[in-house]
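Here the structure comes first, spelled out in structure tokens, and everything after it is commentary.
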Amino acid sequence: MTNDEKNYFDPKVLAGISNLYLRARWVVEGMMSGVHRSRSKGFSVEFEEHREYSPGDEIRRIDWKALGKTDRYFIKEYEDETNLRAYLLVDTSGSMDYASDGITKFDYGCTLAASLAYLILRQQDAAGVVTFSDHVEAFIPPKAKRDYLLQILHALENRGPAGETNVGKILEEIAGQIKRRGLVVLVSDLLDEPEKILKGLRLFRFKGNDVIVFHLLDPAELSLPFDGNILFEDLEELNLRVVADPRAIRKTYREVVEEFTSRMRQECHDNIIDYQLISTSTPLDQALASYLSWRG
Amino acid sequence: MSVFFLHPLYLLGLVAASLPILIHLLNRRKLKRIRFPAVRFILLSQKRISRSYRLRHWLLLALRTLAVVFLGLLLANPIFQTGAGLFAGGGPVSLVILLDNSLSMTWSADGNGFKQAKEAARFLIASLNDGDRAALIPTNLTGKEPFRLKGEKEVLFKELERIEIADGTANLSAALTKAYELLNEPAGQKEIRLITDMGLTGWDQFSTSSLKQYDPSIPLKTIRTGKQQQPLNGTIKEVRLASQGVGVNLPLRFEATVANFGVSEIKDALVQLSIDGQNKEQKLTSIPPRGEAAVSFQTQLTQAGPHVGRVSLKKDGLAGNNAVHFGLDAQDKLRILVVDGDPQTSLVQSETFFLIRALNPAGEQDSSLYLPTVIIADGLNTTSLEPYQVVILCNLSSLPDSLLPKLQNYLRQGGGLLIFGGDRVQMENYNIKLVQSSPPLLPAPLREKKIGPEAGGEKIDRLDITHPAMQSFSDPILLDSIKSARVWGYSRTTAPGKSALISLANGDPLLIEQKVGAGRVIFFSTSADRDWSDLPVKTAYLPLIQSLTNYLAGGKRGAMDPGITVGNPKEFSLPPSYVGKSLKIIKPNKQEVEVPLAPDKDRASATFQENDRAGIYRLSLPVGGEKESGMPLLYAANSPFLESRLDEISESELQAKLKPIPVEVISIDALQQGGKRMDLALPLLGLLIVTLLTEGWLAQRI
């Protein structure tokens with residue numbers, strides 16, 4: 001892989017691309033360029049709508065019954081029958097609006113979700129998106145239409161990060177709204193009570209969904225690289241603040257973070273949930289690769 | 001045991017010890033603010049490490065502060081010292097040794113106090129190194145002696161040998177002032193050592209306000225001589241004359257008060273009176289603890305003139321001054337011619353009855369200083385006045401013509417004349433003979449006789465007690481007595497009342513004086529007997545007549561002089577013919593000192609300061625002055641009574657007295673056992689390095 005190719009996935013490069021569609025396409029096309037394209041076409045069985053015949057349409061798709069009734073040529077359109085319904089759950093709480101250097105967790109998460117949507121739709125599977133903070137901000141149900149990507153991107157771009165996190169409660173709420181089994185992809189920093197988060201994730205599993213968790217953390221959150229006496233103010237809770245000397249607590253802090261992520265990893269593993277801890281400095285292809293490995 | 005600094009100015013650097021704390025506080029105020037999503041993880045981390053982190057944090061702050069303190073101390077170069085000696089190192093030393101040579105050192109340390117003190121001083125001098133300088137100051141000094149710091153040990157040793165115990169109290173103010181003056185200039189290590197028995201008396205009169213100069217940065221290290229083993233401690237407090245005057249062949253009585261300062265009774269102490277070196281009388285007495293006892297002596301002097309007396313206290317093992325000296329000026333009997341102008345066959349009704357009793361109360365020839373001879377007026381023509389020091393005329397009707405020249409001549413040569421009034425006095429005759437004569441013998445003429453009933457007599461109202469003849473009336477009992485007298489008959493004069501020695505309540509003079517040549521005349525305007533006043537039956541009559549007689553005979557004579565206290569100045573006043581000459585004084589140790597006499601108003605005066613020895617000081621008048629100077633030719637100086645008290649001042653009392661000068665009291669044994677000195681710079685350097693290394697290591701850990 002050349003340096004140019006590598007740049008496709010560099011979060012800092014992506015941060016410079018304001019258009020989410022371009023960002024997602026940049027990532028996916030970049031990643032797929034070296035991969036053999038096996039067009040996996042689904043077959044359509046579910047009627048969706050009629051449209052007027054236009055030259056070039058296949059003669060066999062003309063709805064002859066409609067011709068008999070209306071004396072006009074209509075072509076029958078069918079919705080693609082897909083193998084996969086993917087729900088992309090993106091955390092848009094205030095804690096996601098943090099970047100120590102380069103891209104925020106929110107932008108990274110949106111790009112990741114958009115890329116996944118692009119990839120899923122391109123493979124003619126159904127993709128939908130749910131954005132949430134302490135409540136559901138937008139719920140776009142999965143569909144396998146190619147132009148559905150714009151609606152998904154619109155939902156992601158529509159609102160910036162704000163509000164408090166309540167991942168556990170939201171997962172329970174979304175689980176109640178998903179009627180058909182599919183793939184649930186959670187993109188979040190998981191800054192909530194681990195028990196509540198895991199409870200929500202288990203609920204998805206209980207309903208027969210496959211679950212992938214992308215646990216996003218900024219490199220600074222992982223390593224606490226600061227110096228000097230610092231007043232740390234929480235991004236969500238305004239009254240939560242603390243004075244600390246990072247030099248003095250760095251080692252312990254890293255142990256605390258490691259304990260937290262290890263626990264999440266272990267619990268997810270125990271519940272057959274795919275858990276990926278992703279630093280926002282990680283190239284996006286690695287994140288996508290984990291999806292592809294799941295997809296087989 | 002003490003610590004001092006060679007460069008104390010660097011101690012100001014200790015203020016910098018607050019810098020790490022200040023930096024810490026400033027850092028706390030200059031906080032960087034960061035908005036961060038994982039604050040809960042930070043809180044959790046802090047909770048886990050809180051205790052050990054804070055401990056290390058404060059330890060680091062303490063180490064940094066300590067490092068600055070150690071650096072400041074290192075630069076100031078502290079020296080640790082035990083004992084009171086001087087030790088090598090630390091630059092040249094300027095040392096002042098104050099050696100207590102007050103009288104109490106005689107008895108301290110069971111009689112070895114002064115010896116111990118001298119040995120301690122010798123030890124200190126011997127400890128001096130090349131470049132060091134020292135001065136030796138005895139505490140009994142007048143303040144005028146020249147002292148200087150010197151480096152020659154041999155000279156200092158000789159000076160030390162010459163210092164003897166003085167008979168007075170330590171003049172600690174002068175000695176300390178001198179010490180600080182000497183240490184005012186030189187740089188380097190400055191030291192003061194006071195070697196003393198800590199006698200309370202010397203410090204009783206001391207306060208730092210009496211120091212003309214001092215420096216609280218130079219501490220006073222006091223080396224105390226050995227302690228007493230509760231000795232008998234007593235002395236003679238005072239000796240006073242118990243008889244009237246000091247005359248030849250008259251009974252002479254003294255009363256001595258002996259004091260016991262100790263807590264044990266002094267039993268059977270021998271108290272001895274000697275006059276002119278001869279033992280006159282001795283008695284045994286016991287003195288209660290912390291109490292006093294009185295001892296009386298009686299003796300006689302056979303020769304007129306100056307004598308020296310001494311009362312001594314003897315008892316084995318007794319600590320304290322054992323002798324008191326005093327001077328005596330014995331007087332021959334005063335020959336007095338009394339002329340009775342109204343003789344009676346009954347002695348009691350005689351004009352002179354009360355007068356003679358006042359001059360010789362016992363009526364015996366050898367019992368009084370006064371030897372009166374009574375004649376009648378007619379006898380004046382044939383009697384020579386020369387053998388008599390005083391002539392008294394009582395109620396003489398008129399003065400014979402031949403008497404006036406005799407009286408004038410008598411007065412010119414220094415005789416004294418006392419004239420009493422009375423009913424027989426012819427005023428015109430008196431005015432012609434005594435007032436209009438040249439020179440006049442009375443200051444104002446007699447105007448009238450004022451005679452009233454006894455019940456309506458005038459009171460005596462005013463006395464000029466500043467007059468030499470009236471000084472005994474400063475005693476309130478005598479004053480009350482004379483003021484209780486009534487005068488109902490007197491010869492009124494025109495002399496202004498305020499010039500009189502005694503005045504009546506109506507302002508008329510009762511007693512007036514006139515100087516004639518070297519002699520004096522006093523006119524008593526009432527009668528000598530009880531005809532015109534009840535004064536002769538009052539207590540005050542006897543001292544009044546004797547005072548007047550003494551005065552007319554030429555001043556106060558026949559007295560005891562208790563002397564002065566050692567260390568105090570003695571003033572002399574001589575006739576003006578002595579101005580420019582020198583008075584020779586022979587001190588008790590036979591040392592002769594010449595004191596120049598300077599003009600002072602109409603007299604020649606001198607002040608002698610060197611009364612530093614107890615005993616008798618004899619005077620020798622210069623040739624060329626008047627023969628009769630009227631001044632006794634000896635005086636006594638005695639040690640202060642309290643100097644015999646061996647009570648000590650405690651270290652805390654001493655520290656309070658000398659505040660703000662730091663004081664340390666060291667036993668003389670500590671000096672003689674030596675001591676140690678250690679330069680603390682090297683250990684401090686080690687501590688500083690260890691502190692910095694620990695700080696670096698700990699800072700890395702944090």
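Quick note on naming: the chains in the structure tokens go A, B, ... in the order shown, residues restart at 1 in each chain, and ligands are numbered from 1 in order of appearance.
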Produce a table with one row for each residue of chain A that has an atom at most 10 Å from any atom of chain B, each row naming the nearest atom pair and its distance in Å at one decimal; use only C-alpha atoms; arrange rows by chain and rising residue number; format as JSON lines.
{"residue": "A:Gly94", "atom": "CA", "partner": "B:Pro37", "partner_atom": "CA", "distance": 8.2}
{"residue": "A:Ser95", "atom": "CA", "partner": "B:Pro37", "partner_atom": "CA", "distance": 5.0}
{"residue": "A:Met96", "atom": "CA", "partner": "B:Pro37", "partner_atom": "CA", "distance": 7.7}
{"residue": "A:Asp97", "atom": "CA", "partner": "B:Pro37", "partner_atom": "CA", "distance": 8.5}
{"residue": "A:Tyr98", "atom": "CA", "partner": "B:Pro37", "partner_atom": "CA", "distance": 7.1}
{"residue": "A:Ala99", "atom": "CA", "partner": "B:Phe36", "partner_atom": "CA", "distance": 9.4}
{"residue": "A:Ser100", "atom": "CA", "partner": "B:Phe36", "partner_atom": "CA", "distance": 9.3}
{"residue": "A:Asp189", "atom": "CA", "partner": "B:Pro37", "partner_atom": "CA", "distance": 9.3}
{"residue": "A:Leu191", "atom": "CA", "partner": "B:Ala38", "partner_atom": "CA", "distance": 7.4}
{"residue": "A:Asp192", "atom": "CA", "partner": "B:Arg40", "partner_atom": "CA", "distance": 9.8}
{"residue": "A:Leu217", "atom": "CA", "partner": "B:Ala38", "partner_atom": "CA", "distance": 9.5}
{"residue": "A:Asp218", "atom": "CA", "partner": "B:Pro37", "partner_atom": "CA", "distance": 9.4}
{"residue": "A:Ala220", "atom": "CA", "partner": "B:Phe36", "partner_atom": "CA", "distance": 9.2}
{"residue": "A:Glu221", "atom": "CA", "partner": "B:Ala38", "partner_atom": "CA", "distance": 6.5}
{"residue": "A:Leu222", "atom": "CA", "partner": "B:Ala38", "partner_atom": "CA", "distance": 9.3}
{"residue": "A:Leu224", "atom": "CA", "partner": "B:Ile42", "partner_atom": "CA", "distance": 9.1}
{"residue": "A:Phe226", "atom": "CA", "partner": "B:Ile34", "partner_atom": "CA", "distance": 9.6}
{"residue": "A:Asp227", "atom": "CA", "partner": "B:Lys32", "partner_atom": "CA", "distance": 9.5}
{"residue": "A:Gly228", "atom": "CA", "partner": "B:Lys32", "partner_atom": "CA", "distance": 7.8}
{"residue": "A:Asn229", "atom": "CA", "partner": "B:Leu31", "partner_atom": "CA", "distance": 5.8}
{"residue": "A:Ile230", "atom": "CA", "partner": "B:Lys32", "partner_atom": "CA", "distance": 4.7}
{"residue": "A:Leu231", "atom": "CA", "partner": "B:Arg33", "partner_atom": "CA", "distance": 4.7}
{"residue": "A:Phe232", "atom": "CA", "partner": "B:Ile34", "partner_atom": "CA", "distance": 5.0}
{"residue": "A:Glu233", "atom": "CA", "partner": "B:Arg35", "partner_atom": "CA", "distance": 4.6}
{"residue": "A:Asp234", "atom": "CA", "partner": "B:Phe36", "partner_atom": "CA", "distance": 5.2}
{"residue": "A:Leu235", "atom": "CA", "partner": "B:Pro37", "partner_atom": "CA", "distance": 5.2}
{"residue": "A:Glu236", "atom": "CA", "partner": "B:Pro37", "partner_atom": "CA", "distance": 7.4}
{"residue": "A:Glu237", "atom": "CA", "partner": "B:Pro37", "partner_atom": "CA", "distance": 9.4}
{"residue": "A:Leu238", "atom": "CA", "partner": "B:Arg35", "partner_atom": "CA", "distance": 9.7}
{"residue": "A:Leu240", "atom": "CA", "partner": "B:Val39", "partner_atom": "CA", "distance": 7.5}
{"residue": "A:Arg241", "atom": "CA", "partner": "B:Val39", "partner_atom": "CA", "distance": 7.2}
{"residue": "A:Val242", "atom": "CA", "partner": "B:Leu43", "partner_atom": "CA", "distance": 7.2}
{"residue": "A:Val243", "atom": "CA", "partner": "B:Leu31", "partner_atom": "CA", "distance": 8.2}
{"residue": "A:Ala244", "atom": "CA", "partner": "B:Gln46", "partner_atom": "CA", "distance": 7.7}
{"residue": "A:Asp245", "atom": "CA", "partner": "B:Ile702", "partner_atom": "CA", "distance": 9.2}
{"residue": "A:Pro246", "atom": "CA", "partner": "B:Ile42", "partner_atom": "CA", "distance": 8.7}
{"residue": "A:Arg247", "atom": "CA", "partner": "B:Ile702", "partner_atom": "CA", "distance": 6.4}
{"residue": "A:Ala248", "atom": "CA", "partner": "B:Ile702", "partner_atom": "CA", "distance": 5.0}
{"residue": "A:Ile249", "atom": "CA", "partner": "B:Ser45", "partner_atom": "CA", "distance": 6.2}
{"residue": "A:Arg250", "atom": "CA", "partner": "B:Ser45", "partner_atom": "CA", "distance": 8.2}
{"residue": "A:Lys251", "atom": "CA", "partner": "B:Ser45", "partner_atom": "CA", "distance": 8.7}
{"residue": "A:Thr252", "atom": "CA", "partner": "B:Ser45", "partner_atom": "CA", "distance": 5.5}
{"residue": "A:Tyr253", "atom": "CA", "partner": "B:Ser45", "partner_atom": "CA", "distance": 5.1}
{"residue": "A:Arg254", "atom": "CA", "partner": "B:Ser45", "partner_atom": "CA", "distance": 8.7}
{"residue": "A:Glu255", "atom": "CA", "partner": "B:Ser45", "partner_atom": "CA", "distance": 8.4}
{"residue": "A:Val256", "atom": "CA", "partner": "B:Phe41", "partner_atom": "CA", "distance": 6.5}
{"residue": "A:Val257", "atom": "CA", "partner": "B:Phe41", "partner_atom": "CA", "distance": 6.9}
{"residue": "A:Phe260", "atom": "CA", "partner": "B:Phe41", "partner_atom": "CA", "distance": 9.3}
Next, dump the selected residues to file, keeping only N, CA and C atoms, as a tab-separated table (two decimals), in the first residue's frame.
chain	number	residue	atom	x	y	z
A	94	GLY	N	-22.74	15.11	23.92
A	94	GLY	CA	-21.69	16.16	24.03
A	94	GLY	C	-20.30	15.58	24.16
A	95	SER	N	-20.19	14.44	24.80
A	95	SER	CA	-18.85	13.88	25.01
A	95	SER	C	-18.18	13.48	23.71
A	96	MET	N	-18.97	13.35	22.63
A	96	MET	CA	-18.41	12.96	21.33
A	96	MET	C	-17.74	14.16	20.64
A	97	ASP	N	-18.03	15.35	21.16
A	97	ASP	CA	-17.49	16.56	20.53
A	97	ASP	C	-16.10	16.86	21.08
A	98	TYR	N	-15.21	15.96	20.98
A	98	TYR	CA	-13.87	16.16	21.53
A	98	TYR	C	-12.82	15.66	20.57
A	99	ALA	N	-11.83	16.51	20.33
A	99	ALA	CA	-10.70	16.12	19.50
A	99	ALA	C	-9.45	16.71	20.11
A	100	SER	N	-8.53	15.88	20.48
A	100	SER	CA	-7.28	16.42	21.02
A	100	SER	C	-6.40	16.89	19.87
A	189	ASP	N	-18.75	6.51	22.40
A	189	ASP	CA	-17.59	6.48	23.32
A	189	ASP	C	-17.93	5.71	24.61
A	191	LEU	N	-19.39	6.41	27.27
A	191	LEU	CA	-19.13	7.05	28.57
A	191	LEU	C	-20.43	7.06	29.38
A	192	ASP	N	-20.74	5.89	29.85
A	192	ASP	CA	-21.95	5.70	30.65
A	192	ASP	C	-21.68	4.52	31.57
A	217	LEU	N	-12.66	6.28	21.14
A	217	LEU	CA	-12.01	7.13	22.16
A	217	LEU	C	-10.92	7.95	21.51
A	218	ASP	N	-10.78	9.17	21.97
A	218	ASP	CA	-9.71	10.04	21.48
A	218	ASP	C	-8.38	9.54	22.06
A	220	ALA	N	-6.14	11.15	23.42
A	220	ALA	CA	-5.87	11.82	24.71
A	220	ALA	C	-6.66	11.16	25.83
A	221	GLU	N	-7.83	10.63	25.48
A	221	GLU	CA	-8.61	9.92	26.50
A	221	GLU	C	-7.94	8.62	26.91
A	222	LEU	N	-7.19	8.08	26.00
A	222	LEU	CA	-6.51	6.82	26.28
A	222	LEU	C	-5.21	7.02	27.06
A	224	LEU	N	-3.97	10.38	28.37
A	224	LEU	CA	-3.88	11.59	29.22
A	224	LEU	C	-2.50	12.25	29.07
A	226	PHE	N	-1.38	15.30	29.05
A	226	PHE	CA	-1.20	16.70	29.43
A	226	PHE	C	-0.10	16.88	30.48
A	227	ASP	N	0.31	18.16	30.66
A	227	ASP	CA	1.31	18.53	31.67
A	227	ASP	C	0.81	19.70	32.50
A	228	GLY	N	1.33	19.80	33.72
A	228	GLY	CA	0.99	20.94	34.58
A	228	GLY	C	-0.32	20.71	35.31
A	229	ASN	N	-0.61	21.62	36.20
A	229	ASN	CA	-1.86	21.54	36.95
A	229	ASN	C	-3.01	21.98	36.04
A	230	ILE	N	-4.01	21.13	35.95
A	230	ILE	CA	-5.09	21.39	34.99
A	230	ILE	C	-6.44	21.26	35.67
A	231	LEU	N	-7.32	22.20	35.30
A	231	LEU	CA	-8.71	22.08	35.75
A	231	LEU	C	-9.48	21.38	34.62
A	232	PHE	N	-9.87	20.16	34.87
A	232	PHE	CA	-10.62	19.40	33.87
A	232	PHE	C	-12.11	19.64	34.06
A	233	GLU	N	-12.77	20.05	32.97
A	233	GLU	CA	-14.22	20.29	33.04
A	233	GLU	C	-14.91	19.31	32.12
A	234	ASP	N	-15.93	18.69	32.61
A	234	ASP	CA	-16.62	17.66	31.82
A	234	ASP	C	-17.40	18.30	30.67
A	235	LEU	N	-17.43	17.59	29.55
A	235	LEU	CA	-18.10	18.15	28.36
A	235	LEU	C	-19.62	18.09	28.49
A	236	GLU	N	-20.10	17.18	29.31
A	236	GLU	CA	-21.56	17.03	29.42
A	236	GLU	C	-22.10	17.64	30.71
A	237	GLU	N	-21.50	17.24	31.81
A	237	GLU	CA	-21.97	17.76	33.09
A	237	GLU	C	-21.12	18.97	33.47
A	238	LEU	N	-21.75	20.15	33.47
A	238	LEU	CA	-21.00	21.40	33.69
A	238	LEU	C	-20.41	21.47	35.10
A	240	LEU	N	-19.29	19.05	36.81
A	240	LEU	CA	-18.27	18.03	37.06
A	240	LEU	C	-16.91	18.58	36.62
A	241	ARG	N	-16.08	18.92	37.59
A	241	ARG	CA	-14.76	19.47	37.29
A	241	ARG	C	-13.79	19.02	38.38
A	242	VAL	N	-12.55	18.94	37.98
A	242	VAL	CA	-11.55	18.46	38.93
A	242	VAL	C	-10.17	19.03	38.54
A	243	VAL	N	-9.40	19.41	39.62
A	243	VAL	CA	-8.03	19.86	39.40
A	243	VAL	C	-7.11	18.66	39.58
A	244	ALA	N	-6.25	18.46	38.61
A	244	ALA	CA	-5.35	17.31	38.72
A	244	ALA	C	-4.03	17.60	38.03
A	245	ASP	N	-3.01	16.91	38.52
A	245	ASP	CA	-1.71	16.98	37.88
A	245	ASP	C	-1.58	15.69	37.06
A	246	PRO	N	-1.73	15.76	35.71
A	246	PRO	CA	-1.74	14.54	34.89
A	246	PRO	C	-0.51	13.68	35.11
A	247	ARG	N	0.63	14.34	35.40
A	247	ARG	CA	1.86	13.55	35.61
A	247	ARG	C	1.68	12.59	36.78
A	248	ALA	N	0.95	13.11	37.79
A	248	ALA	CA	0.81	12.31	39.00
A	248	ALA	C	-0.16	11.15	38.83
A	249	ILE	N	-1.17	11.35	37.97
A	249	ILE	CA	-2.23	10.32	37.90
A	249	ILE	C	-2.21	9.53	36.59
A	250	ARG	N	-1.28	9.88	35.69
A	250	ARG	CA	-1.32	9.30	34.34
A	250	ARG	C	-1.33	7.77	34.36
A	251	LYS	N	-0.45	7.25	35.13
A	251	LYS	CA	-0.32	5.79	35.14
A	251	LYS	C	-1.62	5.15	35.62
A	252	THR	N	-2.14	5.68	36.70
A	252	THR	CA	-3.37	5.13	37.26
A	252	THR	C	-4.54	5.33	36.29
A	253	TYR	N	-4.53	6.50	35.64
A	253	TYR	CA	-5.61	6.80	34.69
A	253	TYR	C	-5.65	5.76	33.58
A	254	ARG	N	-4.46	5.46	33.06
A	254	ARG	CA	-4.39	4.48	31.96
A	254	ARG	C	-4.87	3.11	32.44
A	255	GLU	N	-4.55	2.81	33.69
A	255	GLU	CA	-5.02	1.53	34.24
A	255	GLU	C	-6.55	1.53	34.33
A	256	VAL	N	-7.10	2.67	34.74
A	256	VAL	CA	-8.56	2.77	34.88
A	256	VAL	C	-9.23	2.59	33.51
A	257	VAL	N	-8.67	3.28	32.49
A	257	VAL	CA	-9.25	3.18	31.14
A	257	VAL	C	-9.12	1.74	30.61
A	260	PHE	N	-11.63	-0.46	32.11
A	260	PHE	CA	-12.96	-0.21	31.55
A	260	PHE	C	-13.11	-0.89	30.18
For Val339 in chain B, find every residue with an atom within 6 Å (counting only C-alpha atoms), except residues of its own chain fewer than 2 positions away, and show them as an MDAnalysis selection string. chainID B and resid 374:377 393:394
Range 30-186 of chain A: residues DSSP assigns to strand (DSSP E), reported as a VMD selection string: chain A and resid 44 to 52 74 to 80 85 to 91 126 to 132 136 to 143 183 to 186
Could you please write out, as an MDAnalysis selection string, every residue of range 67-256 of chain A that DSSP assigns to helix (DSSP H, G or I)? chainID A and resid 67:70 94:96 105:122 148:157 167:177 194:206 219:223 246:256
Do you have the CA of Ile165 in chain B-CA of Leu633 in chain B distance handy? 27.0 Å
Need to verify the contact set: Gln389 in chain B, 9 Å, only C-alpha atoms, exclusion of same-chain residues closer than 5 positions in sequence. Can you return it as a ChimeraX atom specification? /B:334-337,414-417,549,552-554
Calculate how many Å separate CA of Ser503 in chain B from CA of Phe354 in chain B, rounding to one decimal.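 It comes out at 21.4 Å.
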From the options B:Ser94, B:Gln655, B:Ser286, B:Ser650, which residue's atoms come nearest to Glu185 in chain B, counting only C-alpha atoms?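 Nearest to Glu185 in chain B: B:Ser94.
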Polymer residues at most 8 Å from range 315-327 of chain B, only C-alpha atoms, same-chain spacing of 2 or more positions, as JSON, numbers by chain: {"B": [104, 107, 231, 232, 233, 234, 235, 236, 238, 239, 268, 269, 270, 306, 307, 308, 309, 310, 311, 312, 313, 329, 560, 561, 562, 563, 614, 615, 616, 634, 635, 636, 637, 638, 639, 641, 643, 644, 645]}
Excluding range 524-532 of chain B and residues on its chain fewer than 2 positions from it, collect all residues at most 9 Å away from it, counting only C-alpha atoms, and give them as a short mmCIF file (atom, residue, chain, number, x, y, z; two decimals) with N, CA and C atoms, in the first residue's frame.
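Output file out38.cif is given in full below:
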data_model
loop_
_atom_site.label_atom_id
_atom_site.label_comp_id
_atom_site.auth_asym_id
_atom_site.auth_seq_id
_atom_site.Cartn_x
_atom_site.Cartn_y
_atom_site.Cartn_z
N GLN B 349 14.54 80.33 140.98
CA GLN B 349 14.03 81.59 140.44
C GLN B 349 15.10 82.37 139.71
N SER B 350 16.27 81.85 139.70
CA SER B 350 17.38 82.52 139.03
C SER B 350 17.10 82.64 137.53
N GLU B 351 17.61 83.73 136.97
CA GLU B 351 17.42 83.99 135.53
C GLU B 351 18.04 82.89 134.69
N THR B 352 19.10 82.28 135.21
CA THR B 352 19.87 81.33 134.40
C THR B 352 19.59 79.87 134.74
N PHE B 353 18.61 79.62 135.62
CA PHE B 353 18.40 78.24 136.08
C PHE B 353 18.17 77.26 134.91
N PHE B 354 17.21 77.62 134.06
CA PHE B 354 16.88 76.72 132.94
C PHE B 354 18.02 76.65 131.92
N LEU B 355 18.68 77.78 131.74
CA LEU B 355 19.77 77.84 130.76
C LEU B 355 20.91 76.89 131.15
N CYS B 394 22.14 87.45 130.24
CA CYS B 394 20.74 87.16 130.55
C CYS B 394 20.13 88.32 131.34
N ASN B 395 19.18 89.00 130.69
CA ASN B 395 18.40 90.05 131.36
C ASN B 395 19.32 91.08 132.03
N LEU B 418 25.48 85.53 122.96
CA LEU B 418 24.03 85.29 122.97
C LEU B 418 23.42 86.21 124.00
N ILE B 419 22.47 87.07 123.57
CA ILE B 419 21.87 88.05 124.46
C ILE B 419 20.39 87.71 124.65
N PHE B 420 20.00 87.48 125.91
CA PHE B 420 18.59 87.27 126.21
C PHE B 420 17.97 88.58 126.69
N GLY B 421 16.70 88.80 126.38
CA GLY B 421 15.97 89.96 126.88
C GLY B 421 15.45 89.70 128.29
N GLY B 422 14.60 90.62 128.75
CA GLY B 422 14.01 90.45 130.08
C GLY B 422 13.48 91.78 130.59
N ASP B 423 12.83 91.69 131.73
CA ASP B 423 12.17 92.89 132.25
C ASP B 423 13.15 93.97 132.68
N ILE B 451 4.43 93.15 126.77
CA ILE B 451 4.18 92.21 127.86
C ILE B 451 2.68 92.04 128.01
N GLY B 452 2.23 90.84 127.98
CA GLY B 452 0.81 90.57 128.12
C GLY B 452 0.59 89.47 129.13
N GLU B 454 -0.07 85.75 130.51
CA GLU B 454 0.50 84.47 130.07
C GLU B 454 -0.46 83.72 129.16
N GLY B 457 -0.40 84.63 125.32
CA GLY B 457 0.93 84.64 124.70
C GLY B 457 0.90 84.29 123.21
N ARG B 486 4.56 79.33 124.30
CA ARG B 486 3.89 80.64 124.26
C ARG B 486 4.85 81.71 124.77
N VAL B 487 4.87 82.82 124.10
CA VAL B 487 5.73 83.94 124.50
C VAL B 487 4.81 85.12 124.80
N TRP B 488 4.81 85.58 126.06
CA TRP B 488 3.90 86.70 126.41
C TRP B 488 4.65 87.98 126.73
N GLY B 489 5.98 87.91 126.71
CA GLY B 489 6.78 89.12 126.93
C GLY B 489 8.03 89.07 126.08
N TYR B 490 8.32 90.19 125.36
CA TYR B 490 9.54 90.23 124.55
C TYR B 490 9.86 91.67 124.18
N SER B 491 11.09 91.89 123.84
CA SER B 491 11.51 93.22 123.38
C SER B 491 11.36 93.26 121.87
N ARG B 492 10.49 94.15 121.43
CA ARG B 492 10.18 94.22 120.00
C ARG B 492 11.27 95.00 119.28
N THR B 493 11.72 94.46 118.17
CA THR B 493 12.74 95.16 117.38
C THR B 493 12.13 95.53 116.04
N PRO B 509 10.09 89.28 115.31
CA PRO B 509 11.20 88.33 115.44
C PRO B 509 11.43 87.95 116.90
N LEU B 510 11.79 86.68 117.09
CA LEU B 510 12.16 86.21 118.42
C LEU B 510 13.66 86.03 118.52
N LEU B 511 14.27 85.69 117.38
CA LEU B 511 15.70 85.40 117.35
C LEU B 511 16.29 86.07 116.12
N ILE B 512 17.26 86.99 116.34
CA ILE B 512 17.90 87.64 115.19
C ILE B 512 19.41 87.52 115.34
N ILE B 522 23.74 86.65 118.61
CA ILE B 522 22.32 86.28 118.45
C ILE B 522 21.56 86.94 119.58
N ASP B 534 7.03 80.15 128.20
CA ASP B 534 7.15 78.81 128.77
C ASP B 534 8.11 77.94 127.96
N LEU B 535 8.88 78.59 127.12
CA LEU B 535 9.83 77.84 126.29
C LEU B 535 10.84 77.04 127.13
N PRO B 536 11.35 77.57 128.26
CA PRO B 536 12.34 76.82 129.03
C PRO B 536 11.84 75.48 129.56
N VAL B 537 10.52 75.31 129.63
CA VAL B 537 10.04 74.01 130.13
C VAL B 537 9.62 73.08 128.99
#
Please compute the CA of Gly200 in chain A-CA of Ile174 in chain A distance, one decimal, in Å. 9.0 Å
